[in-house]
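Peer 1: Below is the file protein-v9.cif, which contains mmCIF, C-alpha atoms.
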data_protein
loop_
_atom_site.group_PDB
_atom_site.id
_atom_site.type_symbol
_atom_site.label_atom_id
_atom_site.label_comp_id
_atom_site.auth_asym_id
_atom_site.auth_seq_id
_atom_site.Cartn_x
_atom_site.Cartn_y
_atom_site.Cartn_z
ATOM 1 C CA MET N 156 15.632 3.507 -25.219
ATOM 2 C CA LYS N 157 12.068 4.440 -26.195
ATOM 3 C CA LEU N 158 9.533 1.682 -26.738
ATOM 4 C CA PHE N 159 7.343 3.461 -29.303
ATOM 5 C CA LYS N 160 8.184 6.453 -31.455
ATOM 6 C CA GLY N 161 6.467 9.617 -30.259
ATOM 7 C CA THR N 162 5.981 8.366 -26.693
ATOM 8 C CA ASN N 163 8.198 8.495 -23.637
ATOM 9 C CA LEU N 164 7.559 4.848 -22.794
ATOM 10 C CA LYS N 165 10.694 2.768 -22.366
ATOM 11 C CA ILE N 166 11.300 -0.980 -22.425
ATOM 12 C CA GLY N 167 11.634 -1.120 -18.603
ATOM 13 C CA ASP N 168 8.139 0.393 -18.226
ATOM 14 C CA LEU N 169 6.650 -2.512 -20.152
ATOM 15 C CA ALA N 170 8.743 -4.993 -18.130
ATOM 16 C CA ALA N 171 7.585 -3.393 -14.850
ATOM 17 C CA PHE N 172 3.938 -3.508 -15.971
ATOM 18 C CA LEU N 173 4.217 -7.157 -17.051
ATOM 19 C CA ALA N 174 5.988 -8.123 -13.807
ATOM 20 C CA ALA N 175 3.271 -6.483 -11.696
ATOM 21 C CA GLY N 176 0.512 -8.020 -13.843
ATOM 22 C CA ALA N 177 2.072 -11.493 -13.669
ATOM 23 C CA LEU N 178 2.459 -11.291 -9.882
ATOM 24 C CA ILE N 179 -1.162 -10.170 -9.421
ATOM 25 C CA GLY N 180 -2.351 -12.855 -11.870
ATOM 26 C CA VAL N 181 -0.482 -15.713 -10.168
ATOM 27 C CA LEU N 182 -1.589 -14.645 -6.666
ATOM 28 C CA SER N 183 -5.208 -14.185 -7.795
ATOM 29 C CA PHE N 184 -5.233 -17.616 -9.421
ATOM 30 C CA GLN N 185 -3.827 -19.231 -6.273
ATOM 31 C CA ILE N 186 -6.320 -17.480 -3.994
ATOM 32 C CA TYR N 187 -9.492 -17.375 -6.104
ATOM 33 C CA GLY N 188 -8.837 -20.221 -8.577
ATOM 34 C CA ASN N 189 -9.839 -23.185 -6.459
ATOM 35 C CA ARG N 190 -12.237 -21.992 -3.797
ATOM 36 C CA ASN N 191 -13.474 -24.338 -1.107
ATOM 37 C CA ASP N 192 -17.267 -24.466 -0.644
ATOM 38 C CA ASP N 193 -17.047 -24.851 3.141
ATOM 39 C CA PRO N 194 -14.518 -22.303 4.317
ATOM 40 C CA TYR N 195 -13.787 -21.529 7.975
ATOM 41 C CA LEU N 196 -13.600 -18.095 9.519
ATOM 42 C CA TYR N 197 -10.058 -17.357 10.660
ATOM 43 C CA ILE N 198 -9.619 -14.498 13.132
ATOM 44 C CA SER N 199 -6.282 -13.183 14.363
ATOM 45 C CA ASN N 200 -5.486 -10.384 16.793
ATOM 46 C CA GLY N 201 -1.768 -10.457 16.178
ATOM 47 C CA GLY N 202 -1.015 -12.784 19.062
ATOM 48 C CA GLN N 203 -3.863 -15.316 19.175
ATOM 49 C CA TYR N 204 -6.034 -16.846 16.485
ATOM 50 C CA TRP N 205 -9.501 -18.401 16.364
ATOM 51 C CA VAL N 206 -11.141 -20.629 13.760
ATOM 52 C CA TYR N 207 -14.957 -20.981 13.464
ATOM 53 C CA PRO N 208 -17.179 -22.903 11.048
ATOM 54 C CA LEU N 209 -19.688 -20.761 9.146
ATOM 55 C CA GLU N 210 -22.594 -23.200 9.539
ATOM 56 C CA GLU N 211 -23.438 -22.161 13.091
ATOM 57 C CA ASP N 212 -24.778 -18.640 13.726
ATOM 58 C CA ARG N 213 -23.024 -16.850 16.590
ATOM 59 C CA GLU N 214 -21.533 -13.606 17.827
ATOM 60 C CA ILE N 215 -17.869 -13.487 18.754
ATOM 61 C CA THR N 216 -16.003 -10.910 20.823
ATOM 62 C CA VAL N 217 -12.344 -10.617 19.894
ATOM 63 C CA PRO N 218 -9.963 -8.702 22.193
ATOM 64 C CA GLY N 219 -7.782 -6.320 20.205
ATOM 65 C CA ARG N 220 -5.129 -3.681 20.760
ATOM 66 C CA ILE N 221 -7.549 -0.841 21.617
ATOM 67 C CA GLY N 222 -10.682 -2.735 22.678
ATOM 68 C CA ASP N 223 -13.088 -5.499 21.670
ATOM 69 C CA THR N 224 -14.177 -6.170 18.090
ATOM 70 C CA SER N 225 -17.559 -7.903 17.660
ATOM 71 C CA VAL N 226 -17.971 -10.335 14.791
ATOM 72 C CA LYS N 227 -21.220 -11.972 13.694
ATOM 73 C CA ILE N 228 -21.654 -15.238 11.818
ATOM 74 C CA GLU N 229 -25.108 -15.657 10.280
ATOM 75 C CA GLY N 230 -26.454 -17.464 7.219
ATOM 76 C CA GLY N 231 -23.011 -18.671 6.151
ATOM 77 C CA LYS N 232 -21.570 -15.148 6.173
ATOM 78 C CA ALA N 233 -19.365 -13.307 8.644
ATOM 79 C CA TRP N 234 -18.893 -9.597 9.251
ATOM 80 C CA VAL N 235 -17.682 -7.093 11.824
ATOM 81 C CA ILE N 236 -20.612 -5.513 13.662
ATOM 82 C CA ASP N 237 -18.623 -3.217 15.926
ATOM 83 C CA SER N 238 -15.045 -2.197 16.570
ATOM 84 C CA PRO N 239 -13.427 0.612 18.578
ATOM 85 C CA CYS N 240 -11.609 2.072 15.537
ATOM 86 C CA PRO N 241 -12.249 5.691 14.451
ATOM 87 C CA ASP N 242 -12.888 5.128 10.727
ATOM 88 C CA LYS N 243 -15.134 1.981 10.860
ATOM 89 C CA ILE N 244 -13.878 0.685 7.490
ATOM 90 C CA CYS N 245 -14.155 -2.859 8.889
ATOM 91 C CA VAL N 246 -17.767 -2.326 10.020
ATOM 92 C CA ASN N 247 -18.772 -0.926 6.619
ATOM 93 C CA ALA N 248 -16.988 -3.667 4.626
ATOM 94 C CA TRP N 249 -18.905 -6.336 2.708
ATOM 95 C CA PRO N 250 -19.667 -9.601 4.564
ATOM 96 C CA LEU N 251 -17.197 -12.441 4.050
ATOM 97 C CA GLU N 252 -18.837 -15.402 2.321
ATOM 98 C CA ARG N 253 -16.340 -17.090 -0.011
ATOM 99 C CA GLU N 254 -12.884 -18.518 0.574
ATOM 100 C CA GLY N 255 -10.296 -15.787 0.096
ATOM 101 C CA ASP N 256 -12.577 -12.992 1.360
ATOM 102 C CA TRP N 257 -10.983 -10.915 4.107
ATOM 103 C CA THR N 258 -11.312 -7.769 6.137
ATOM 104 C CA ALA N 259 -9.292 -6.160 8.892
ATOM 105 C CA CYS N 260 -9.497 -3.592 11.632
ATOM 106 C CA LEU N 261 -6.028 -2.113 11.459
ATOM 107 C CA PRO N 262 -6.221 0.154 14.546
ATOM 108 C CA ASN N 263 -7.430 -2.780 16.670
ATOM 109 C CA GLN N 264 -5.036 -5.206 14.939
ATOM 110 C CA ILE N 265 -7.778 -7.696 14.017
ATOM 111 C CA PHE N 266 -7.672 -9.704 10.782
ATOM 112 C CA LEU N 267 -10.541 -11.885 9.519
ATOM 113 C CA SER N 268 -10.493 -14.169 6.518
ATOM 114 C CA LEU N 269 -12.306 -17.158 5.104
ATOM 115 C CA THR N 270 -9.936 -19.988 4.565
ATOM 116 C CA GLY N 271 -10.397 -23.480 3.120
ATOM 117 C CA GLY N 272 -9.267 -26.886 4.280
ATOM 118 C CA GLY N 273 -10.487 -29.077 7.127
ATOM 119 C CA LEU N 274 -10.537 -27.832 10.703
ATOM 120 C CA GLU N 275 -7.799 -30.251 11.824
ATOM 121 C CA GLU N 276 -5.612 -29.133 8.935
ATOM 122 C CA LEU N 277 -6.153 -25.480 9.913
ATOM 123 C CA VAL N 278 -5.371 -26.111 13.571
ATOM 124 C CA ASP N 279 -2.115 -27.830 12.554
ATOM 125 C CA GLU N 280 -1.313 -25.024 10.148
ATOM 126 C CA PHE N 281 -1.775 -22.251 12.678
ATOM 127 C CA SER N 282 -0.128 -24.083 15.549
ATOM 128 C CA TYR N 283 3.384 -23.202 14.413
ATOM 129 C CA MET M 48 22.133 17.953 6.873
ATOM 130 C CA SER M 49 22.579 21.375 5.272
ATOM 131 C CA SER M 50 25.299 19.954 3.003
ATOM 132 C CA VAL M 51 22.759 17.426 1.665
ATOM 133 C CA ILE M 52 20.039 20.029 1.043
ATOM 134 C CA ARG M 53 20.858 22.251 -1.914
ATOM 135 C CA ASP M 54 17.648 24.265 -1.908
ATOM 136 C CA ARG M 55 15.583 24.283 1.269
ATOM 137 C CA ARG M 56 12.692 26.169 -0.360
ATOM 138 C CA ARG M 57 12.255 23.548 -3.076
ATOM 139 C CA LEU M 58 12.259 20.676 -0.576
ATOM 140 C CA THR M 59 9.813 22.492 1.713
ATOM 141 C CA LEU M 60 7.437 23.134 -1.174
ATOM 142 C CA LEU M 61 7.443 19.470 -2.234
ATOM 143 C CA GLY M 62 7.019 18.412 1.428
ATOM 144 C CA ALA M 63 3.992 20.707 1.683
ATOM 145 C CA PHE M 64 2.528 19.081 -1.452
ATOM 146 C CA CYS M 65 2.984 15.653 0.189
ATOM 147 C CA LEU M 66 1.072 16.927 3.232
ATOM 148 C CA PHE M 67 -1.700 18.405 1.065
ATOM 149 C CA LEU M 68 -2.085 15.227 -1.025
ATOM 150 C CA SER M 69 -2.109 13.094 2.161
ATOM 151 C CA MET M 70 -5.058 15.193 3.289
ATOM 152 C CA VAL M 71 -6.838 14.769 -0.066
ATOM 153 C CA GLU M 72 -6.311 11.006 0.166
ATOM 154 C CA PHE M 73 -7.565 10.976 3.763
ATOM 155 C CA MET M 74 -10.876 12.444 2.555
ATOM 156 C CA ILE M 75 -11.419 9.714 -0.057
ATOM 157 C CA PRO M 76 -13.483 6.831 1.411
ATOM 158 C CA LYS M 77 -11.795 3.420 1.390
ATOM 159 C CA PRO M 78 -13.792 0.267 0.591
ATOM 160 C CA LEU M 79 -11.232 -2.002 2.266
ATOM 161 C CA PRO M 80 -8.535 -1.574 4.896
ATOM 162 C CA PHE M 81 -4.963 -1.354 3.494
ATOM 163 C CA LEU M 82 -6.138 0.116 0.162
ATOM 164 C CA ARG M 83 -4.374 3.369 -0.595
ATOM 165 C CA LEU M 84 -4.102 5.449 -3.726
ATOM 166 C CA GLY M 85 -0.630 6.722 -2.855
ATOM 167 C CA LEU M 86 -1.331 10.287 -4.040
ATOM 168 C CA ALA M 87 1.329 11.662 -1.677
ATOM 169 C CA ASN M 88 3.983 9.857 -3.729
ATOM 170 C CA LEU M 89 3.463 12.280 -6.603
ATOM 171 C CA PRO M 90 5.762 15.040 -5.248
ATOM 172 C CA ILE M 91 8.483 12.413 -4.643
ATOM 173 C CA LEU M 92 8.109 11.084 -8.175
ATOM 174 C CA ALA M 93 8.110 14.558 -9.696
ATOM 175 C CA GLY M 94 11.002 15.588 -7.447
ATOM 176 C CA LEU M 95 13.310 12.828 -8.703
ATOM 177 C CA SER M 96 14.578 15.011 -11.556
ATOM 178 C CA ILE M 97 15.327 18.073 -9.422
ATOM 179 C CA LEU M 98 16.445 16.614 -6.061
ATOM 180 C CA ASN M 99 19.659 14.821 -5.180
ATOM 181 C CA PRO M 100 19.411 11.323 -3.562
ATOM 182 C CA GLY M 101 19.757 12.717 -0.036
ATOM 183 C CA GLU M 102 17.002 15.271 -0.657
ATOM 184 C CA VAL M 103 14.731 12.555 -2.071
ATOM 185 C CA MET M 104 15.100 10.502 1.107
ATOM 186 C CA ILE M 105 14.480 13.593 3.290
ATOM 187 C CA LEU M 106 11.310 14.255 1.261
ATOM 188 C CA VAL M 107 10.253 10.627 1.857
ATOM 189 C CA ILE M 108 10.701 11.136 5.619
ATOM 190 C CA LEU M 109 8.676 14.396 5.456
ATOM 191 C CA LYS M 110 5.935 12.512 3.596
ATOM 192 C CA ILE M 111 5.907 9.709 6.199
ATOM 193 C CA LEU M 112 5.620 12.208 9.070
ATOM 194 C CA GLY M 113 2.957 14.244 7.241
ATOM 195 C CA GLN M 114 0.873 11.159 6.506
ATOM 196 C CA GLY M 115 1.185 10.047 10.135
ATOM 197 C CA LEU M 116 -0.022 13.457 11.342
ATOM 198 C CA ILE M 117 -2.963 13.629 8.920
ATOM 199 C CA ASN M 118 -4.098 10.039 9.518
ATOM 200 C CA GLY M 119 -3.547 10.244 13.283
ATOM 201 C CA THR M 120 -1.292 7.176 13.207
ATOM 202 C CA LEU M 121 1.987 8.837 14.155
ATOM 203 C CA PHE M 122 2.216 7.067 17.508
ATOM 204 C CA SER M 123 0.565 3.767 16.562
ATOM 205 C CA TYR M 124 1.981 0.555 15.105
ATOM 206 C CA ILE M 125 0.220 1.397 11.769
ATOM 207 C CA PHE M 126 2.851 4.122 11.337
ATOM 208 C CA LEU M 127 5.439 1.366 10.829
ATOM 209 C CA PHE M 128 3.504 0.051 7.790
ATOM 210 C CA SER M 129 3.514 3.473 6.205
ATOM 211 C CA ALA M 130 7.150 4.186 7.118
ATOM 212 C CA LEU M 131 8.544 0.888 5.828
ATOM 213 C CA GLY M 132 6.493 1.019 2.616
ATOM 214 C CA SER M 133 7.410 4.629 1.878
ATOM 215 C CA LEU M 134 11.117 4.081 2.599
ATOM 216 C CA ALA M 135 11.204 1.006 0.314
ATOM 217 C CA ALA M 136 9.392 2.882 -2.469
ATOM 218 C CA GLY M 137 11.576 5.981 -2.069
ATOM 219 C CA LEU M 138 14.771 3.938 -2.185
ATOM 220 C CA VAL M 139 13.686 1.932 -5.265
ATOM 221 C CA MET M 140 12.501 5.048 -7.141
ATOM 222 C CA MET M 141 15.646 6.991 -6.286
ATOM 223 C CA LEU M 142 17.954 4.136 -7.378
ATOM 224 C CA LEU M 143 16.015 3.542 -10.610
ATOM 225 C CA TRP M 144 16.117 7.245 -11.426
ATOM 226 C CA ARG M 145 19.849 7.390 -10.754
ATOM 227 C CA PHE M 146 20.922 4.190 -12.483
ATOM 228 C CA GLY M 147 18.042 3.052 -14.693
ATOM 229 C CA GLN M 148 16.871 6.145 -16.582
ATOM 230 C CA ARG M 149 17.941 4.553 -19.851
ATOM 231 C CA PHE M 150 15.333 1.824 -19.404
ATOM 232 C CA PHE M 151 12.631 3.407 -17.239
ATOM 233 C CA SER M 152 10.462 6.511 -17.557
ATOM 234 C CA TYR M 153 8.449 7.921 -14.645
ATOM 235 C CA ILE M 154 5.770 5.283 -15.331
ATOM 236 C CA GLY M 155 8.006 2.229 -14.830
ATOM 237 C CA ILE M 156 9.687 3.858 -11.832
ATOM 238 C CA SER M 157 6.279 4.588 -10.305
ATOM 239 C CA ILE M 158 5.059 0.992 -10.856
ATOM 240 C CA LEU M 159 8.178 -0.537 -9.286
ATOM 241 C CA GLY M 160 8.081 1.956 -6.402
ATOM 242 C CA ALA M 161 4.471 1.014 -5.652
ATOM 243 C CA LEU M 162 5.316 -2.683 -5.900
ATOM 244 C CA ALA M 163 8.234 -2.248 -3.470
ATOM 245 C CA SER M 164 6.029 -0.360 -1.011
ATOM 246 C CA ASN M 165 3.122 -2.793 -1.177
ATOM 247 C CA LEU M 166 5.248 -5.950 -0.972
ATOM 248 C CA THR M 167 7.196 -4.546 1.988
ATOM 249 C CA GLN M 168 3.949 -3.784 3.850
ATOM 250 C CA LEU M 169 2.511 -7.176 2.956
ATOM 251 C CA VAL M 170 5.557 -9.110 4.164
ATOM 252 C CA PHE M 171 5.709 -6.972 7.318
ATOM 253 C CA SER M 172 2.049 -7.675 8.104
ATOM 254 C CA MET M 173 2.541 -11.410 7.512
ATOM 255 C CA LEU M 174 5.691 -11.648 9.625
ATOM 256 C CA THR M 175 4.757 -9.456 12.541
ATOM 257 C CA VAL M 176 1.019 -8.768 12.813
ATOM 258 C CA PHE M 177 -1.521 -10.962 11.041
ATOM 259 C CA GLY M 178 0.353 -14.156 10.139
ATOM 260 C CA LYS M 179 0.514 -15.881 6.794
ATOM 261 C CA GLU M 180 -3.242 -15.597 6.103
ATOM 262 C CA ALA M 181 -2.543 -11.928 5.376
ATOM 263 C CA TRP M 182 -1.320 -12.941 1.906
ATOM 264 C CA LEU M 183 -5.035 -12.914 0.917
ATOM 265 C CA ILE M 184 -4.748 -9.129 0.939
ATOM 266 C CA ALA M 185 -2.225 -9.228 -1.912
ATOM 267 C CA PRO M 186 -4.339 -9.255 -5.134
ATOM 268 C CA PRO M 187 -6.542 -6.175 -4.519
ATOM 269 C CA PHE M 188 -3.734 -4.369 -2.680
ATOM 270 C CA LEU M 189 -1.216 -4.861 -5.519
ATOM 271 C CA ALA M 190 -3.799 -4.239 -8.272
ATOM 272 C CA VAL M 191 -4.968 -0.892 -6.854
ATOM 273 C CA GLY M 192 -1.331 0.082 -6.213
ATOM 274 C CA THR M 193 -0.289 -0.726 -9.783
ATOM 275 C CA VAL M 194 -3.194 1.120 -11.430
ATOM 276 C CA THR M 195 -2.690 4.273 -9.352
ATOM 277 C CA ALA M 196 1.084 4.048 -9.863
ATOM 278 C CA ILE M 197 0.560 4.078 -13.653
ATOM 279 C CA LEU M 198 -1.731 7.123 -13.410
ATOM 280 C CA LEU M 199 0.697 8.955 -11.106
ATOM 281 C CA GLY M 200 3.588 8.053 -13.441
ATOM 282 C CA ILE M 201 1.716 9.461 -16.456
ATOM 283 C CA PHE M 202 0.904 12.639 -14.517
ATOM 284 C CA ALA M 203 4.518 13.067 -13.321
ATOM 285 C CA GLN M 204 5.814 12.507 -16.865
ATOM 286 C CA ARG M 205 3.478 15.122 -18.290
ATOM 287 C CA PHE M 206 4.129 17.547 -15.419
ATOM 288 C CA SER M 207 7.900 17.325 -15.840
ATOM 289 C CA LEU M 208 7.550 18.135 -19.547
ATOM 290 C CA VAL M 209 5.189 21.113 -19.306
ATOM 291 C CA SER M 210 5.929 22.669 -15.902
ATOM 292 C CA GLN M 211 7.905 25.905 -16.171
ATOM 293 C CA TRP M 212 8.826 25.561 -12.492
ATOM 294 C CA MET M 213 10.386 22.138 -13.069
ATOM 295 C CA LYS M 214 12.297 23.441 -16.073
ATOM 296 C CA GLU M 215 13.563 26.387 -14.032
ATOM 297 C CA GLU M 216 14.615 24.125 -11.126
ATOM 298 C CA ARG M 217 16.442 21.769 -13.504
ATOM 299 C CA ARG M 218 18.213 24.752 -15.044
ATOM 300 C CA LYS M 219 19.279 25.912 -11.575
ATOM 301 C CA ASN M 220 20.708 22.440 -10.879
ATOM 302 C CA GLU M 221 22.715 22.513 -14.106
ATOM 303 C CA GLY M 222 24.064 25.894 -13.021
ATOM 304 C CA HIS M 223 25.358 24.257 -9.822
ATOM 305 C CA VAL M 224 27.308 21.547 -11.705
#
What is this structure when it is put down as structure tokens?

Peer 2:
Amino acid sequence: MKLFKGTNLKIGDLAAFLAAGALIGVLSFQIYGNRNDDPYLYISNGGQYWVYPLEEDREITVPGRIGDTSVKIEGGKAWVIDSPCPDKICVNAWPLEREGDWTACLPNQIFLSLTGGGLEELVDEFSY
Amino acid sequence: MSSVIRDRRRLTLLGAFCLFLSMVEFMIPKPLPFLRLGLANLPILAGLSILNPGEVMILVILKILGQGLINGTLFSYIFLFSALGSLAAGLVMMLLWRFGQRFFSYIGISILGALASNLTQLVFSMLTVFGKEAWLIAPPFLAVGTVTAILLGIFAQRFSLVSQWMKEERRKNEGHV
């Protein structure tokens, strides 16, 4: 059941492409479509979580699976300054500054993201 | 096991390609954690037309172990991400090849395999490691996976048409029937 003459494309290929595109589109719209101007920094180490406002500059030490990950908040941005992982992808990643931005240190099991909503709302949300 | 494997040499060769492509992928810098090109899926995709379902799943296991060795994650929890994603992709691709060839070429099979792998890893990370905020990973993770899956599907399609080795292996299989 070829889609176009002279090609090997079939109808299911188009359906698979459209399904993937639709899923990516819907998720992108939900995440990036209505960004909050005052997001909070959410940090998780797989067992505990922390939430910090971005207005106040600070350095945070987060205990992870293989050691401590250091995170810096400065000028409304947050980024990983050091982590005990071998590849340092998290240290070299772009700073987080808008809601929906994220980074992670997989070996140390640390996840950082900027998330919207009020602090009380977030505390309720993560206190499940 | 030996009753599942029809041709040990063929499976070993494809397993070695998985290992080689895992190494190539390891050398490519990643801008974000989780992002993978999935190059090591190419031998599995290409092998669908010459391997039986049992051999495909053995090749998937070889690929998982090879990737774990190359990335140094064999004995870490990250290995579970790779294993679950690869098993989901292998199963989906094998079933689509077996029952959906009328509707799907290598390209569609590759896209749905990548989607199965990425969604499995995403759900696993949300449920067990990072919590529901991990869904933020989804758009770039799925987009990169889909684009590379299309390119790998096109390559596998072309390779299966022009490769003399593939033609010879398919002919050998027909001889077995």

Peer 1: Would you mind telling me which residue in M:Ile75, M:Ile158, M:Leu98, M:Leu131 lies nearest to M:Leu199 when using all atoms listed in the file?

Peer 2: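 Smallest separation from M:Leu199 among the options: M:Ile158.
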
Peer 1: Translate the PyMOL selection byres ((chain M) within 9 of (chain N)), as applied to the file shown, into an explicit residue set as a ChimeraX atom specification.

Peer 2: /M:76-81,120,123-125,147,149-156,158-159,162,175-187,189-190,193,197,204

Peer 1: Have a look at atom CA of M:Asn99 and atom CA of M:Glu216 and let me know their distance in Å, one decimal.

Peer 2: 12.1 Å

Peer 1: Using only C-alpha atoms, which residue out of N:Val246, N:Leu209, N:Leu173, N:Leu196 lies closest to N:Gly230?

Peer 2: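 Among the listed residues, the smallest separation from N:Gly230 belongs to N:Leu209.
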
Peer 1: Using all atoms listed in the file, pick whichever of M:Leu89, M:Leu82, M:Val71, M:Leu138 has the shortest atom-to-atom distance to M:Glu102.

Peer 2: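 Answer, going by the shortest atom-to-atom distance: M:Leu138.
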
Peer 1: At a cut-off of 8 Å from (-1.1, 1.8, 0.3) in the coordinates of the file, what residues are picked up using only C-alpha atoms, written as a list of chain:residue names?

Peer 2: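 In the file's frame, the residues around the point are M:Phe81, M:Leu82, M:Arg83, M:Leu84, M:Gly85, M:Ser129, M:Gly132, M:Ser164, M:Asn165, M:Phe188, M:Gly192.
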
Peer 1: Please dump the current selection as a compact mmCIF listing (two decimals), in the frame of the given file; keep C-alpha atoms.

Peer 2:
# COMPACT_ATOMS: atom_id res chain seq x y z
CA PHE M 81 -4.96 -1.35 3.49
CA LEU M 82 -6.14 0.12 0.16
CA ARG M 83 -4.37 3.37 -0.60
CA LEU M 84 -4.10 5.45 -3.73
CA GLY M 85 -0.63 6.72 -2.86
CA SER M 129 3.51 3.47 6.20
CA GLY M 132 6.49 1.02 2.62
CA SER M 164 6.03 -0.36 -1.01
CA ASN M 165 3.12 -2.79 -1.18
CA PHE M 188 -3.73 -4.37 -2.68
CA GLY M 192 -1.33 0.08 -6.21

Peer 1: Mind giving me the straight-line distance from atom CA of M:Leu68 to atom CA of M:Glu221 in Å, one decimal?

Peer 2: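 Computed distance, atom CA of M:Leu68 to atom CA of M:Glu221, equals 29.0 Å.
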
Peer 1: Could you check the closest approach to M:Asn220 for each of M:Ser207, M:Arg53, M:Thr195, M:Phe171 and tell me which residue wins, using only C-alpha atoms?

Peer 2: M:Arg53

Peer 1: Evaluating the PyMOL selection byres ((chain N and resi 224) around 6) on the displayed file yields which residues, as a VMD selection string?

Peer 2: chain N and resid 216 to 217 223 225 237 to 238

Peer 1: So the first atom is atom CA of N:Trp234 and the second is atom CA of N:Asp212; what is the distance between them in Å, to one decimal place?

Peer 2: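 If I compute the distance from atom CA of N:Trp234 to atom CA of N:Asp212, I get 11.7 Å.
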
Peer 1: Between M:Leu116, M:Trp212, M:Ile91, M:Phe73, which one has atoms that come closest to M:Gly160, using all atoms listed in the file?

Peer 2: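 Answer, going by the shortest atom-to-atom distance: M:Ile91.
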
Peer 1: Using all atoms listed in the file, which of the listed residues (M:Val139, M:Ile111, M:Ala93, M:Leu106) sits closest to M:Phe206?

Peer 2: M:Ala93

Peer 1: Counting all atoms listed in the file, which residues have an atom no more than 8 Å from (-14.2, -23.5, 11.0) in the file's coordinates? Please list them as a tab-separated table (two decimals) with C-alpha atoms, in the frame of the given file.

Peer 2:
chain	number	residue	atom	x	y	z
N	194	PRO	CA	-14.52	-22.30	4.32
N	195	TYR	CA	-13.79	-21.53	7.98
N	196	LEU	CA	-13.60	-18.10	9.52
N	197	TYR	CA	-10.06	-17.36	10.66
N	206	VAL	CA	-11.14	-20.63	13.76
N	207	TYR	CA	-14.96	-20.98	13.46
N	208	PRO	CA	-17.18	-22.90	11.05
N	209	LEU	CA	-19.69	-20.76	9.15
N	273	GLY	CA	-10.49	-29.08	7.13
N	274	LEU	CA	-10.54	-27.83	10.70
